[in-house]
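Novice: Sharing a structure here in structure tokens format.
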Amino acid sequence: MQQPIWNFEQEPATEPMDETGVNLRAYFDRMDDEKMRRYDSSWSDEQVVEWDGNFRDDGNLMMFCCERDVEVDEYRQVLEQCIAYRNRVRETLPG
């Protein structure tokens, strides 16, 4: 597997990080930048779930090696932090 150019996983967090929080950040590191740029914070939860395409029927994100479930509100919060991170570092990355 090719390593992503992003390193949001290692960015300092404003909240304590558990295994699930780290894995969610790594999940976003591997998300395509063009897809992430299409995200719209005004979307409903249902639109976000459809846009991502990786949520289970119970409404939680499908991720492995997690201590707890990730619901759409946490997903949105961390996604928007990741978007801010990418906007800040995008121009400094090689390529």
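Identifiers in this document derive from the order of the structure tokens: chains are assigned A, B, ..., residues are numbered from 1 separately in each chain, and ligands are numbered from 1 in order of occurrence.
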Leaving out range 73-89 of chain A and any residue of its chain fewer than 3 positions from it, which residues lie within 10 Å of it when counting only C-alpha atoms, given as number ranges by chain?
Specialist: A: 6-9, 11, 13, 21, 24-25, 27-29, 33, 36-37, 39-41, 45, 48-49, 60-61, 69-70, 92-93
Novice: Dump N, CA and C atoms for the selected residues as an mmCIF file, in the first residue's frame?
Specialist:
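Done, and the output landed in out-v1.cif:
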```cif
data_model
loop_
_atom_site.group_PDB
_atom_site.id
_atom_site.type_symbol
_atom_site.label_atom_id
_atom_site.label_comp_id
_atom_site.auth_asym_id
_atom_site.auth_seq_id
_atom_site.Cartn_x
_atom_site.Cartn_y
_atom_site.Cartn_z
ATOM 1 N N TRP A 6 -0.374 12.916 3.164
ATOM 2 C CA TRP A 6 -0.861 13.645 4.340
ATOM 3 C C TRP A 6 -0.384 12.973 5.619
ATOM 4 N N ASN A 7 -0.324 13.741 6.693
ATOM 5 C CA ASN A 7 0.027 13.175 7.988
ATOM 6 C C ASN A 7 -0.831 13.790 9.088
ATOM 7 N N PHE A 8 -2.130 13.882 8.832
ATOM 8 C CA PHE A 8 -3.071 14.398 9.812
ATOM 9 C C PHE A 8 -3.082 13.520 11.057
ATOM 10 N N GLU A 9 -2.826 12.243 10.869
ATOM 11 C CA GLU A 9 -2.794 11.302 11.987
ATOM 12 C C GLU A 9 -1.834 11.766 13.087
ATOM 13 N N GLU A 11 -0.810 14.993 13.566
ATOM 14 C CA GLU A 11 -1.019 16.386 13.969
ATOM 15 C C GLU A 11 -1.457 16.454 15.435
ATOM 16 N N ALA A 13 -3.638 17.123 18.525
ATOM 17 C CA ALA A 13 -5.094 17.159 18.644
ATOM 18 C C ALA A 13 -5.495 18.052 19.810
ATOM 19 N N GLY A 21 -9.630 7.497 17.718
ATOM 20 C CA GLY A 21 -9.327 8.825 17.195
ATOM 21 C C GLY A 21 -8.142 8.818 16.247
ATOM 22 N N LEU A 24 -9.248 7.122 13.013
ATOM 23 C CA LEU A 24 -10.098 7.994 12.206
ATOM 24 C C LEU A 24 -9.243 9.008 11.450
ATOM 25 N N ARG A 25 -8.250 9.565 12.104
ATOM 26 C CA ARG A 25 -7.341 10.499 11.433
ATOM 27 C C ARG A 25 -6.590 9.798 10.294
ATOM 28 N N TYR A 27 -7.688 7.234 8.630
ATOM 29 C CA TYR A 27 -8.713 7.018 7.608
ATOM 30 C C TYR A 27 -8.799 8.234 6.691
ATOM 31 N N PHE A 28 -8.811 9.427 7.282
ATOM 32 C CA PHE A 28 -8.887 10.642 6.472
ATOM 33 C C PHE A 28 -7.595 10.894 5.704
ATOM 34 N N ASP A 29 -6.436 10.516 6.250
ATOM 35 C CA ASP A 29 -5.176 10.658 5.514
ATOM 36 C C ASP A 29 -5.223 9.906 4.196
ATOM 37 N N ASP A 33 -8.012 13.521 -2.048
ATOM 38 C CA ASP A 33 -8.137 14.958 -1.817
ATOM 39 C C ASP A 33 -9.292 15.563 -2.613
ATOM 40 N N MET A 36 -12.436 14.818 -0.794
ATOM 41 C CA MET A 36 -12.560 15.625 0.415
ATOM 42 C C MET A 36 -12.934 17.071 0.070
ATOM 43 N N ARG A 37 -12.437 17.582 -1.021
ATOM 44 C CA ARG A 37 -12.752 18.960 -1.427
ATOM 45 C C ARG A 37 -14.217 19.124 -1.825
ATOM 46 N N TYR A 39 -16.677 17.819 -0.110
ATOM 47 C CA TYR A 39 -17.475 17.813 1.116
ATOM 48 C C TYR A 39 -18.100 19.189 1.342
ATOM 49 N N ASP A 40 -19.342 19.183 1.797
ATOM 50 C CA ASP A 40 -20.073 20.427 2.080
ATOM 51 C C ASP A 40 -20.628 20.338 3.499
ATOM 52 N N SER A 41 -20.197 21.235 4.362
ATOM 53 C CA SER A 41 -20.607 21.185 5.766
ATOM 54 C C SER A 41 -22.102 21.418 5.957
ATOM 55 N N ASP A 45 -26.817 14.773 7.710
ATOM 56 C CA ASP A 45 -26.076 13.580 8.109
ATOM 57 C C ASP A 45 -26.225 12.479 7.067
ATOM 58 N N VAL A 48 -23.896 13.089 4.184
ATOM 59 C CA VAL A 48 -22.510 12.794 4.545
ATOM 60 C C VAL A 48 -22.268 11.297 4.504
ATOM 61 N N VAL A 49 -23.183 10.524 5.061
ATOM 62 C CA VAL A 49 -23.067 9.068 5.061
ATOM 63 C C VAL A 49 -23.016 8.550 3.625
ATOM 64 N N ASN A 60 -22.867 3.958 12.068
ATOM 65 C CA ASN A 60 -21.485 4.171 12.483
ATOM 66 C C ASN A 60 -20.530 3.877 11.333
ATOM 67 N N LEU A 61 -19.399 4.580 11.346
ATOM 68 C CA LEU A 61 -18.382 4.389 10.320
ATOM 69 C C LEU A 61 -17.786 2.996 10.437
ATOM 70 N N ASP A 69 -17.356 3.018 18.558
ATOM 71 C CA ASP A 69 -17.977 3.395 17.288
ATOM 72 C C ASP A 69 -17.759 4.874 16.996
ATOM 73 N N VAL A 70 -17.722 5.200 15.717
ATOM 74 C CA VAL A 70 -17.630 6.593 15.269
ATOM 75 C C VAL A 70 -18.950 6.943 14.600
ATOM 76 N N THR A 92 2.735 23.203 0.813
ATOM 77 C CA THR A 92 4.086 22.903 1.266
ATOM 78 C C THR A 92 4.525 21.485 0.928
ATOM 79 N N LEU A 93 3.607 20.664 0.404
ATOM 80 C CA LEU A 93 3.933 19.266 0.116
ATOM 81 C C LEU A 93 4.589 19.136 -1.254
#
```
Novice: Using only C-alpha atoms, can you tell me which of A:Pro94, A:Cys66, A:Gly59, A:Glu71 comes closest to Val22 in chain A?
Specialist: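 For Val22 in chain A, the nearest of the candidates is A:Cys66.
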Novice: Can you work out which one of A:Arg30, A:Arg68, A:Lys35, A:Arg90 has the shortest atom-to-atom distance to Asp52 in chain A, counting only C-alpha atoms?
Specialist: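 Ranking A:Arg30, A:Arg68, A:Lys35, A:Arg90 by distance to Asp52 in chain A, first place goes to A:Lys35.
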Novice: With DSSP run on the backbone, what are the helix (DSSP H, G or I) residues within chain A? I'd like them as an MDAnalysis selection string.
Specialist: chainID A and resid 8:10 19:29 33:37 45:52 72:92
Novice: Please produce a file of those selected residues containing C-alpha atoms, as a PDB file, in the first residue's frame.
Specialist:
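Generated output (result-v1.pdb):
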```pdb
ATOM      1  CA  PHE A   8      -3.071  14.398   9.812  1.00  0.00           C
ATOM      2  CA  GLU A   9      -2.794  11.302  11.987  1.00  0.00           C
ATOM      3  CA  GLN A  10       0.296  12.820  13.663  1.00  0.00           C
ATOM      4  CA  GLU A  19      -7.005   4.288  19.317  1.00  0.00           C
ATOM      5  CA  THR A  20     -10.248   5.145  17.534  1.00  0.00           C
ATOM      6  CA  GLY A  21      -9.327   8.825  17.195  1.00  0.00           C
ATOM      7  CA  VAL A  22      -5.927   7.965  15.729  1.00  0.00           C
ATOM      8  CA  ASN A  23      -7.488   5.462  13.318  1.00  0.00           C
ATOM      9  CA  LEU A  24     -10.098   7.994  12.206  1.00  0.00           C
ATOM     10  CA  ARG A  25      -7.341  10.499  11.433  1.00  0.00           C
ATOM     11  CA  ALA A  26      -5.475   7.803   9.473  1.00  0.00           C
ATOM     12  CA  TYR A  27      -8.713   7.018   7.608  1.00  0.00           C
ATOM     13  CA  PHE A  28      -8.887  10.642   6.472  1.00  0.00           C
ATOM     14  CA  ASP A  29      -5.176  10.658   5.514  1.00  0.00           C
ATOM     15  CA  ASP A  33      -8.137  14.958  -1.817  1.00  0.00           C
ATOM     16  CA  GLU A  34     -10.583  15.652  -4.638  1.00  0.00           C
ATOM     17  CA  LYS A  35     -13.285  13.749  -2.789  1.00  0.00           C
ATOM     18  CA  MET A  36     -12.560  15.625   0.415  1.00  0.00           C
ATOM     19  CA  ARG A  37     -12.752  18.960  -1.427  1.00  0.00           C
ATOM     20  CA  ASP A  45     -26.076  13.580   8.109  1.00  0.00           C
ATOM     21  CA  GLU A  46     -27.653  11.292   5.511  1.00  0.00           C
ATOM     22  CA  GLN A  47     -25.826  13.112   2.698  1.00  0.00           C
ATOM     23  CA  VAL A  48     -22.510  12.794   4.545  1.00  0.00           C
ATOM     24  CA  VAL A  49     -23.067   9.068   5.061  1.00  0.00           C
ATOM     25  CA  GLU A  50     -23.889   8.639   1.359  1.00  0.00           C
ATOM     26  CA  TRP A  51     -20.903  10.779   0.269  1.00  0.00           C
ATOM     27  CA  ASP A  52     -18.465   8.728   2.328  1.00  0.00           C
ATOM     28  CA  VAL A  72     -21.523  10.962  12.035  1.00  0.00           C
ATOM     29  CA  ASP A  73     -21.189  13.934  14.434  1.00  0.00           C
ATOM     30  CA  GLU A  74     -17.664  12.915  15.482  1.00  0.00           C
ATOM     31  CA  TYR A  75     -16.887  12.032  11.862  1.00  0.00           C
ATOM     32  CA  ARG A  76     -17.880  15.551  10.733  1.00  0.00           C
ATOM     33  CA  GLN A  77     -15.872  17.237  13.490  1.00  0.00           C
ATOM     34  CA  VAL A  78     -12.667  15.362  12.684  1.00  0.00           C
ATOM     35  CA  LEU A  79     -13.242  15.623   8.921  1.00  0.00           C
ATOM     36  CA  GLU A  80     -13.493  19.404   9.169  1.00  0.00           C
ATOM     37  CA  GLN A  81     -10.282  19.471  11.239  1.00  0.00           C
ATOM     38  CA  CYS A  82      -8.634  17.385   8.527  1.00  0.00           C
ATOM     39  CA  ILE A  83      -9.837  19.738   5.792  1.00  0.00           C
ATOM     40  CA  ALA A  84      -8.362  22.689   7.719  1.00  0.00           C
ATOM     41  CA  TYR A  85      -5.093  20.753   8.103  1.00  0.00           C
ATOM     42  CA  ARG A  86      -4.935  19.986   4.368  1.00  0.00           C
ATOM     43  CA  ASN A  87      -5.694  23.576   3.439  1.00  0.00           C
ATOM     44  CA  ARG A  88      -2.849  24.679   5.703  1.00  0.00           C
ATOM     45  CA  VAL A  89      -0.199  22.230   4.406  1.00  0.00           C
ATOM     46  CA  ARG A  90      -1.287  21.566   0.802  1.00  0.00           C
ATOM     47  CA  GLU A  91       1.088  24.104  -0.770  1.00  0.00           C
ATOM     48  CA  THR A  92       4.086  22.903   1.266  1.00  0.00           C
TER      49      THR A  92
END
```
Novice: Can you tell me, as an NGL selection string, which residues in chain A count as strand (DSSP E or B) by DSSP?
Specialist: :A and (55 or 60-61 or 71)
Novice: To one decimal place in Å, what is the distance between CA of Met62 in chain A and CA of Pro12 in chain A?
Specialist: 24.1 Å
Novice: When you draw a straight line from CA of Phe55 in chain A to CA of Glu67 in chain A, how long is it in Å?
Specialist: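 Calculated distance between CA of Phe55 in chain A and CA of Glu67 in chain A is 16.5 Å.
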Novice: Go ahead and compute the interatomic distance for CA of Asp58 in chain A and CA of Asp18 in chain A, in Å to one decimal.
Specialist: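 It comes out at 21.9 Å.
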